[in-house]
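J.: Pasting a structure here, questions to come.
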Amino acid sequence: MLSKLKLYTKNLIGWSTKRKLLVIAVDDYGNVRLASKSARQFLDAKGLKLNNRFDAYDTLETTEDLEMLFSVLRSVKDKNGKHAVFSPLSMACNLNFEAVRANGVKEVVLETVLDTYNRIKVSEGNTELIRQGIKEGIYAPEYHGREHFNMHHFKHLLNERNPELLANIEVDSLTSISSKPFSEINFTGAYKFQKFSENESLKEILKDGLVKFEQVYGYKARLFNAPGGNEHKTLHHALSESGIEFIETKLLKKEHQGDGKYKTLFQFNGQAGPYNQTLMVRNCVFEPGEKASFNWVDSAMDQVDAAFTLNKPAYISSHRVNFCGLIDEENRKKGLHDLKSLLTKVVKKYPDVEFVSVLELGDIIKKSKAN
């Protein structure tokens, strides 16, 4: 009873609508984390630990991953005859492992996600497939950042010849890195910082990444979600200058002010940001690859019910790792099975549901507040 009450409580504030709008926002697409089964075996032998399911299963999306995902999305339609849509929060670049090894593992060299797809055999069909998904309206990428690792942290480990990082670079991976020389920065937290002044370099990374994003996906991004979600709002100004109109954030966000000092921000979906941007807050969680014994379909359905009952969009949060099959096909099979089950249940219970991308939701909110 208490858990159900919490589902409704978090939907008491924020933008409201009588429409049954459903969004599926999924983090981490385009990112290289674990390269292969053999890479995982190599890292295991080096003593690098499996800290979580991302270390075990999260790989660059393969062409087969996308084909099977698209099949599920095409299997259901909303009241307007529109298929379900994924909004992947996507990277623009990855580490160019070959070039880094060639320079003696001394300097950072990046490549665009397009180059990554072309380099990796199991993902070489992704570019064409993603273009088709975008055209069909079932795959709608927005900006998750340039690279999915903290550059300051990475360069420090590189200079220190950190054995965890060196082992990863040897097998084209960036996973199971537990070394933490900075108390406020974890390796994957791309826009976290120790000193507030570090935000100046982060602004340049963000701007460069937006240029690369357009090269990769064929259009300018208009929405941003930071890996780890703990960027400082000073970055939002730089993002606004580069065309970002929407910022995905958290209901309760601990915003780092520098040197370990934090400010708690209470935010909500549709809230006006400081740079003429609209804040977007997810209100449902769907992680079918986490805790195998947990019924994620029923849990997500309860969250959708709570959102729709209180006239809120069902804004579902997920991660790519749930739908990856390169390391373990059963991981992808379960994720896609549960995704289809959830979508089917939603359509059956709410025949007036409308599938929209995260950007479409943002535009709907923005238009309604302008009227």
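Identifiers in this document derive from the order of the structure tokens: chains are assigned A, B, ..., residues are numbered from 1 separately in each chain, and ligands are numbered from 1 in order of occurrence.
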Residues near segment 29-41 of chain A, anyone? I mean within 9 Å using only C-alpha atoms, not counting same-chain ones fewer than 6 positions away, as a PyMOL selection string.
T.: chain A and resi 54-61+88-95+113-114+116-117+141+144+147-148+168+170-175+319-320+326-328
J.: Which residues are close to Leu202 of chain A, i.e. within 7 Å by only C-alpha atoms, leaving aside same-chain residues fewer than 4 positions away? Reply as a PyMOL selection string.
T.: chain A and resi 191+198+206
J.: Rank A:Glu67, A:Asp352, A:Asp298, A:Glu214 by their smallest atom-to-atom distance to Asp338 of chain A, using only C-alpha atoms, and report the top residue only.
T.: A:Asp298
J.: I'd like the neighbourhood of segment 233-244 of chain A as a list in words, where a residue qualifies if any of its atoms comes within 8 Å (using only C-alpha atoms), though same-chain residues fewer than 5 positions away should be ignored.
T.: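 So, after excluding close chain neighbours, the residues are Asn199, Leu202, Lys203, Leu206, Lys207, Leu210, Lys220, Ala221, Arg222, Leu223, Phe224, Tyr275, Asn276 and Gln277 of chain A.
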J.: Keeping N, CA and C atoms, export the residues of the selection given above as a short mmCIF file (atom, residue, chain, number, x, y, z; two decimals), in the first residue's frame.
T.:
```cif
data_model
loop_
_atom_site.label_atom_id
_atom_site.label_comp_id
_atom_site.auth_asym_id
_atom_site.auth_seq_id
_atom_site.Cartn_x
_atom_site.Cartn_y
_atom_site.Cartn_z
N ASN A 199 33.90 23.10 -15.16
CA ASN A 199 32.73 23.21 -16.03
C ASN A 199 33.06 23.93 -17.34
N LEU A 202 34.02 21.33 -19.68
CA LEU A 202 32.84 20.50 -19.95
C LEU A 202 31.91 21.17 -20.96
N LYS A 203 31.83 22.49 -20.90
CA LYS A 203 31.02 23.23 -21.88
C LYS A 203 31.53 22.99 -23.30
N LEU A 206 30.61 19.51 -24.44
CA LEU A 206 29.20 19.44 -24.81
C LEU A 206 28.95 20.03 -26.20
N LYS A 207 29.52 21.19 -26.45
CA LYS A 207 29.30 21.86 -27.73
C LYS A 207 29.88 21.04 -28.89
N LEU A 210 27.65 18.09 -29.65
CA LEU A 210 26.43 18.41 -30.39
C LEU A 210 26.70 18.50 -31.90
N LYS A 220 19.96 18.18 -35.74
CA LYS A 220 20.43 18.79 -34.51
C LYS A 220 19.63 18.28 -33.32
N ALA A 221 20.30 17.94 -32.24
CA ALA A 221 19.62 17.54 -31.02
C ALA A 221 18.96 18.75 -30.38
N ARG A 222 17.83 18.50 -29.71
CA ARG A 222 17.13 19.58 -29.00
C ARG A 222 16.91 19.26 -27.53
N LEU A 223 17.28 18.05 -27.12
CA LEU A 223 17.09 17.62 -25.73
C LEU A 223 18.37 16.98 -25.22
N PHE A 224 18.67 17.23 -23.95
CA PHE A 224 19.89 16.71 -23.33
C PHE A 224 19.57 16.00 -22.03
N TYR A 275 17.28 29.16 -18.70
CA TYR A 275 17.74 29.67 -20.00
C TYR A 275 16.70 29.41 -21.09
N ASN A 276 15.44 29.67 -20.73
CA ASN A 276 14.33 29.47 -21.66
C ASN A 276 14.25 28.02 -22.13
N GLN A 277 14.62 27.11 -21.22
CA GLN A 277 14.53 25.68 -21.50
C GLN A 277 13.43 25.07 -20.64
#
```
J.: Could you give me the residues within segment 77-127 of chain A that DSSP places in strand (DSSP E or B), as number ranges by chain?
T.: A: 77, 83, 86-91, 93-95, 110-112
J.: For the residues selected in the previous step, produce a file with C-alpha atoms as a compact mmCIF listing (two decimals), in the first residue's frame.
T.:
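The resulting file, out11.txt, is shown below:
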```txt
# COMPACT_ATOMS: atom_id res chain seq x y z
CA LYS A 77 0.07 0.59 -32.44
CA HIS A 83 3.92 2.31 -33.67
CA PHE A 86 12.06 4.43 -28.46
CA SER A 87 13.78 7.67 -27.50
CA PRO A 88 17.42 6.59 -27.11
CA LEU A 89 19.55 9.08 -25.23
CA SER A 90 22.61 8.62 -27.39
CA MET A 91 26.31 9.38 -27.49
CA CYS A 93 31.61 9.66 -29.89
CA ASN A 94 33.64 6.81 -28.46
CA LEU A 95 37.29 6.23 -27.74
CA LEU A 110 37.93 9.94 -30.29
CA GLU A 111 35.87 8.65 -33.19
CA THR A 112 32.24 9.32 -34.06
```
J.: Do you have the atom CA of Arg131 of chain A-atom CA of Val216 of chain A distance handy?
T.: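 So the two atoms, atom CA of Arg131 of chain A and atom CA of Val216 of chain A, lie 9.8 Å apart.
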J.: Name the closest residue to Glu248 of chain A among the candidates A:Gln194, A:Asn186, A:Ser317, A:Ser176; distances are taken between atoms, counting only C-alpha atoms.
T.: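 Closest to Glu248 of chain A, using only C-alpha atoms: A:Ser317.
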J.: List every residue of segment 235-312 of chain A that DSSP, applied to the backbone of this structure, places in alpha helix (DSSP H), and write the result as a PyMOL selection string.
T.: chain A and resi 235-241+296-309
J.: Give me, as an mmCIF file with N, CA and C atoms, in the first residue's frame, all polymer residues having an atom no more than 9 Å from segment 195-197 of chain A, counting only C-alpha atoms and skipping those fewer than 5 positions away in the same chain.
T.:
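So result.cif came out as:
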```
data_model
loop_
_atom_site.group_PDB
_atom_site.id
_atom_site.type_symbol
_atom_site.label_atom_id
_atom_site.label_comp_id
_atom_site.auth_asym_id
_atom_site.auth_seq_id
_atom_site.Cartn_x
_atom_site.Cartn_y
_atom_site.Cartn_z
ATOM 1 N N HIS A 232 25.853 20.457 -13.557
ATOM 2 C CA HIS A 232 25.455 21.744 -12.982
ATOM 3 C C HIS A 232 24.726 22.560 -14.038
ATOM 4 N N HIS A 256 25.868 19.394 -7.589
ATOM 5 C CA HIS A 256 27.187 19.684 -7.011
ATOM 6 C C HIS A 256 27.564 21.129 -7.278
ATOM 7 N N GLN A 257 28.050 21.819 -6.245
ATOM 8 C CA GLN A 257 28.472 23.207 -6.371
ATOM 9 C C GLN A 257 29.990 23.345 -6.428
ATOM 10 N N GLY A 258 30.687 22.197 -6.288
ATOM 11 C CA GLY A 258 32.137 22.193 -6.248
ATOM 12 C C GLY A 258 32.661 21.870 -4.862
ATOM 13 N N ASP A 259 33.795 21.151 -4.822
ATOM 14 C CA ASP A 259 34.478 20.822 -3.568
ATOM 15 C C ASP A 259 33.589 20.075 -2.577
ATOM 16 N N GLY A 260 32.720 19.218 -3.103
ATOM 17 C CA GLY A 260 31.907 18.373 -2.234
ATOM 18 C C GLY A 260 30.695 19.046 -1.620
#
```
J.: Measuring between only C-alpha atoms, which one of A:His152, A:Trp15, A:Gly104, A:Ser75 shows the shortest distance to Arg282 of chain A?
T.: A:Trp15
J.: Choose the residue, out of A:Leu43, A:Lys334, A:Val346, A:Leu251, that has the smallest atom-to-atom separation from Gln303 of chain A; count only C-alpha atoms.
T.: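 Between A:Leu43, A:Lys334, A:Val346, A:Leu251, the residue approaching Gln303 of chain A most closely is A:Val346.
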J.: Residues within 12 Å of Ser299 of chain A, please, as a PDB file with N, CA and C atoms, in the first residue's frame. Count only C-alpha atoms; anything in the same chain fewer than 4 positions from it doesn't count.
T.:
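Output contents, as saved in out13.pdb:
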```pdb
ATOM      1  N   SER A   3       3.980   1.565  -1.069  1.00  0.00           N
ATOM      2  CA  SER A   3       4.681   1.727  -2.344  1.00  0.00           C
ATOM      3  C   SER A   3       3.745   2.281  -3.410  1.00  0.00           C
ATOM      4  N   LYS A   4       2.478   1.846  -3.395  1.00  0.00           N
ATOM      5  CA  LYS A   4       1.499   2.369  -4.358  1.00  0.00           C
ATOM      6  C   LYS A   4       1.249   3.858  -4.104  1.00  0.00           C
ATOM      7  N   LEU A   7       3.853   5.987  -5.704  1.00  0.00           N
ATOM      8  CA  LEU A   7       3.681   6.133  -7.147  1.00  0.00           C
ATOM      9  C   LEU A   7       2.763   7.302  -7.471  1.00  0.00           C
ATOM     10  N   CYS A 284       8.343   6.925 -14.481  1.00  0.00           N
ATOM     11  CA  CYS A 284       8.167   5.470 -14.475  1.00  0.00           C
ATOM     12  C   CYS A 284       9.528   4.812 -14.715  1.00  0.00           C
ATOM     13  N   VAL A 285       9.742   3.652 -14.126  1.00  0.00           N
ATOM     14  CA  VAL A 285      11.009   2.926 -14.287  1.00  0.00           C
ATOM     15  C   VAL A 285      10.723   1.533 -14.822  1.00  0.00           C
ATOM     16  N   PHE A 286      11.500   1.125 -15.834  1.00  0.00           N
ATOM     17  CA  PHE A 286      11.350  -0.201 -16.437  1.00  0.00           C
ATOM     18  C   PHE A 286      12.742  -0.749 -16.742  1.00  0.00           C
ATOM     19  N   GLU A 287      13.227  -1.657 -15.902  1.00  0.00           N
ATOM     20  CA  GLU A 287      14.570  -2.223 -16.035  1.00  0.00           C
ATOM     21  C   GLU A 287      14.493  -3.755 -15.978  1.00  0.00           C
ATOM     22  N   PRO A 288      13.961  -4.398 -17.019  1.00  0.00           N
ATOM     23  CA  PRO A 288      13.699  -5.839 -16.973  1.00  0.00           C
ATOM     24  C   PRO A 288      14.929  -6.720 -16.811  1.00  0.00           C
ATOM     25  N   PHE A 294      12.059 -10.109 -10.045  1.00  0.00           N
ATOM     26  CA  PHE A 294      11.109  -9.010  -9.927  1.00  0.00           C
ATOM     27  C   PHE A 294      10.239  -8.920 -11.171  1.00  0.00           C
ATOM     28  N   ASN A 295       8.937  -8.653 -10.985  1.00  0.00           N
ATOM     29  CA  ASN A 295       8.015  -8.540 -12.120  1.00  0.00           C
ATOM     30  C   ASN A 295       7.992  -7.098 -12.614  1.00  0.00           C
ATOM     31  N   GLN A 303       2.958   1.909 -12.455  1.00  0.00           N
ATOM     32  CA  GLN A 303       3.441   3.289 -12.579  1.00  0.00           C
ATOM     33  C   GLN A 303       2.714   4.038 -13.695  1.00  0.00           C
ATOM     34  N   VAL A 304       2.426   3.341 -14.796  1.00  0.00           N
ATOM     35  CA  VAL A 304       1.652   3.938 -15.886  1.00  0.00           C
ATOM     36  C   VAL A 304       0.247   4.274 -15.394  1.00  0.00           C
ATOM     37  N   ASP A 305      -0.358   3.353 -14.641  1.00  0.00           N
ATOM     38  CA  ASP A 305      -1.695   3.587 -14.083  1.00  0.00           C
ATOM     39  C   ASP A 305      -1.718   4.847 -13.221  1.00  0.00           C
ATOM     40  N   ALA A 306      -0.703   4.978 -12.360  1.00  0.00           N
ATOM     41  CA  ALA A 306      -0.646   6.133 -11.470  1.00  0.00           C
ATOM     42  C   ALA A 306      -0.511   7.431 -12.262  1.00  0.00           C
ATOM     43  N   ILE A 316       8.563   6.774 -19.266  1.00  0.00           N
ATOM     44  CA  ILE A 316       9.269   5.578 -18.821  1.00  0.00           C
ATOM     45  C   ILE A 316      10.779   5.732 -18.987  1.00  0.00           C
ATOM     46  N   ASP A 338       9.577  -8.688 -22.157  1.00  0.00           N
ATOM     47  CA  ASP A 338       8.889  -7.856 -21.169  1.00  0.00           C
ATOM     48  C   ASP A 338       8.440  -6.531 -21.773  1.00  0.00           C
ATOM     49  N   LEU A 342       4.587  -5.335 -21.809  1.00  0.00           N
ATOM     50  CA  LEU A 342       4.175  -4.056 -21.240  1.00  0.00           C
ATOM     51  C   LEU A 342       3.389  -3.237 -22.257  1.00  0.00           C
TER      52      LEU A 342
END
```
J.: Excluding Thr278 of chain A and its own-chain neighbours fewer than 3 positions away, which residues fall within 12 Å of it when counting only C-alpha atoms? Please give them as an mmCIF file with N, CA and C atoms, in the first residue's frame.
T.:
```cif
data_model
loop_
_atom_site.group_PDB
_atom_site.id
_atom_site.type_symbol
_atom_site.label_atom_id
_atom_site.label_comp_id
_atom_site.auth_asym_id
_atom_site.auth_seq_id
_atom_site.Cartn_x
_atom_site.Cartn_y
_atom_site.Cartn_z
ATOM 1 N N GLY A 14 3.605 18.903 -11.535
ATOM 2 C CA GLY A 14 4.114 18.860 -12.902
ATOM 3 C C GLY A 14 3.018 19.036 -13.926
ATOM 4 N N TRP A 15 3.433 19.133 -15.164
ATOM 5 C CA TRP A 15 2.521 19.368 -16.285
ATOM 6 C C TRP A 15 1.479 18.271 -16.383
ATOM 7 N N ARG A 222 17.829 18.495 -29.708
ATOM 8 C CA ARG A 222 17.131 19.582 -29.004
ATOM 9 C C ARG A 222 16.909 19.258 -27.526
ATOM 10 N N LEU A 223 17.281 18.047 -27.122
ATOM 11 C CA LEU A 223 17.089 17.617 -25.733
ATOM 12 C C LEU A 223 18.370 16.982 -25.222
ATOM 13 N N PHE A 224 18.674 17.235 -23.949
ATOM 14 C CA PHE A 224 19.892 16.714 -23.331
ATOM 15 C C PHE A 224 19.571 16.003 -22.026
ATOM 16 N N HIS A 236 23.787 24.320 -18.772
ATOM 17 C CA HIS A 236 22.552 24.500 -19.538
ATOM 18 C C HIS A 236 22.616 25.758 -20.403
ATOM 19 N N SER A 240 21.957 25.769 -24.281
ATOM 20 C CA SER A 240 20.951 26.647 -24.887
ATOM 21 C C SER A 240 21.532 27.372 -26.098
ATOM 22 N N ILE A 244 19.786 23.472 -27.529
ATOM 23 C CA ILE A 244 19.088 22.537 -26.650
ATOM 24 C C ILE A 244 17.955 23.272 -25.933
ATOM 25 N N GLU A 245 16.727 22.798 -26.166
ATOM 26 C CA GLU A 245 15.530 23.436 -25.608
ATOM 27 C C GLU A 245 14.978 22.697 -24.395
ATOM 28 N N PHE A 246 15.359 21.418 -24.233
ATOM 29 C CA PHE A 246 14.798 20.591 -23.178
ATOM 30 C C PHE A 246 15.925 19.895 -22.405
ATOM 31 N N ILE A 247 15.783 19.866 -21.091
ATOM 32 C CA ILE A 247 16.766 19.221 -20.218
ATOM 33 C C ILE A 247 16.066 18.145 -19.406
ATOM 34 N N GLU A 248 16.468 16.888 -19.581
ATOM 35 C CA GLU A 248 15.962 15.830 -18.714
ATOM 36 C C GLU A 248 16.704 15.895 -17.380
ATOM 37 N N THR A 249 15.955 15.824 -16.297
ATOM 38 C CA THR A 249 16.560 15.944 -14.986
ATOM 39 C C THR A 249 15.822 15.047 -13.998
ATOM 40 N N GLN A 267 12.428 19.563 -8.683
ATOM 41 C CA GLN A 267 12.089 19.903 -10.060
ATOM 42 C C GLN A 267 10.923 19.052 -10.539
ATOM 43 N N PHE A 268 10.285 19.475 -11.609
ATOM 44 C CA PHE A 268 9.125 18.711 -12.096
ATOM 45 C C PHE A 268 8.986 18.852 -13.611
ATOM 46 N N ASN A 269 8.249 17.936 -14.173
ATOM 47 C CA ASN A 269 8.065 17.892 -15.615
ATOM 48 C C ASN A 269 7.323 19.135 -16.105
ATOM 49 N N GLY A 270 7.895 19.801 -17.097
ATOM 50 C CA GLY A 270 7.293 21.002 -17.649
ATOM 51 C C GLY A 270 7.744 22.288 -16.994
ATOM 52 N N GLN A 271 8.588 22.191 -15.976
ATOM 53 C CA GLN A 271 9.077 23.385 -15.278
ATOM 54 C C GLN A 271 9.968 24.208 -16.205
ATOM 55 N N ALA A 272 9.875 25.515 -16.093
ATOM 56 C CA ALA A 272 10.722 26.397 -16.897
ATOM 57 C C ALA A 272 12.111 26.443 -16.304
ATOM 58 N N GLY A 273 13.123 26.221 -17.146
ATOM 59 C CA GLY A 273 14.505 26.309 -16.720
ATOM 60 C C GLY A 273 15.015 27.730 -16.823
ATOM 61 N N PRO A 274 16.231 28.004 -16.356
ATOM 62 C CA PRO A 274 16.745 29.380 -16.316
ATOM 63 C C PRO A 274 17.141 29.958 -17.671
ATOM 64 N N TYR A 275 17.280 29.157 -18.696
ATOM 65 C CA TYR A 275 17.739 29.667 -19.995
ATOM 66 C C TYR A 275 16.704 29.406 -21.092
ATOM 67 N N VAL A 281 11.042 15.438 -16.563
ATOM 68 C CA VAL A 281 11.297 14.507 -15.470
ATOM 69 C C VAL A 281 10.557 13.194 -15.726
ATOM 70 N N LEU A 359 11.042 14.030 -27.406
ATOM 71 C CA LEU A 359 11.032 15.366 -28.000
ATOM 72 C C LEU A 359 9.612 15.791 -28.359
ATOM 73 N N LEU A 361 6.956 14.885 -26.764
ATOM 74 C CA LEU A 361 6.344 15.275 -25.494
ATOM 75 C C LEU A 361 6.778 16.686 -25.121
ATOM 76 N N GLY A 362 8.057 16.978 -25.275
ATOM 77 C CA GLY A 362 8.551 18.314 -24.968
ATOM 78 C C GLY A 362 7.841 19.378 -25.786
ATOM 79 N N ASP A 363 7.657 19.117 -27.066
ATOM 80 C CA ASP A 363 6.983 20.087 -27.930
ATOM 81 C C ASP A 363 5.516 20.267 -27.535
ATOM 82 N N ILE A 364 4.864 19.174 -27.135
ATOM 83 C CA ILE A 364 3.467 19.253 -26.692
ATOM 84 C C ILE A 364 3.368 20.122 -25.448
ATOM 85 N N ILE A 365 4.271 19.887 -24.495
ATOM 86 C CA ILE A 365 4.281 20.683 -23.269
ATOM 87 C C ILE A 365 4.537 22.157 -23.583
ATOM 88 N N LYS A 366 5.534 22.408 -24.401
ATOM 89 C CA LYS A 366 5.908 23.785 -24.742
ATOM 90 C C LYS A 366 4.761 24.513 -25.431
ATOM 91 N N LYS A 367 4.081 23.837 -26.342
ATOM 92 C CA LYS A 367 2.965 24.454 -27.075
ATOM 93 C C LYS A 367 1.810 24.750 -26.127
ATOM 94 N N LYS A 369 1.889 25.379 -22.971
ATOM 95 C CA LYS A 369 2.193 26.465 -22.034
ATOM 96 C C LYS A 369 2.239 27.809 -22.739
ATOM 97 N N ALA A 370 2.425 27.773 -24.063
ATOM 98 C CA ALA A 370 2.452 29.018 -24.839
ATOM 99 C C ALA A 370 1.052 29.534 -25.130
#
```
J.: For Pro351 of chain A, which residue among A:Ser368, A:Gln215, A:Asn80, A:Ser178 is the nearest when counting only C-alpha atoms?
T.: A:Asn80
J.: I need the residue nearest Glu330 of chain A from this list: A:Ala292, A:Ala99, A:Ala84, A:Leu22. Use only C-alpha atoms for the distance.
T.: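 Looking only at the distances to Glu330 of chain A, the closest residue turns out to be A:Ala292.
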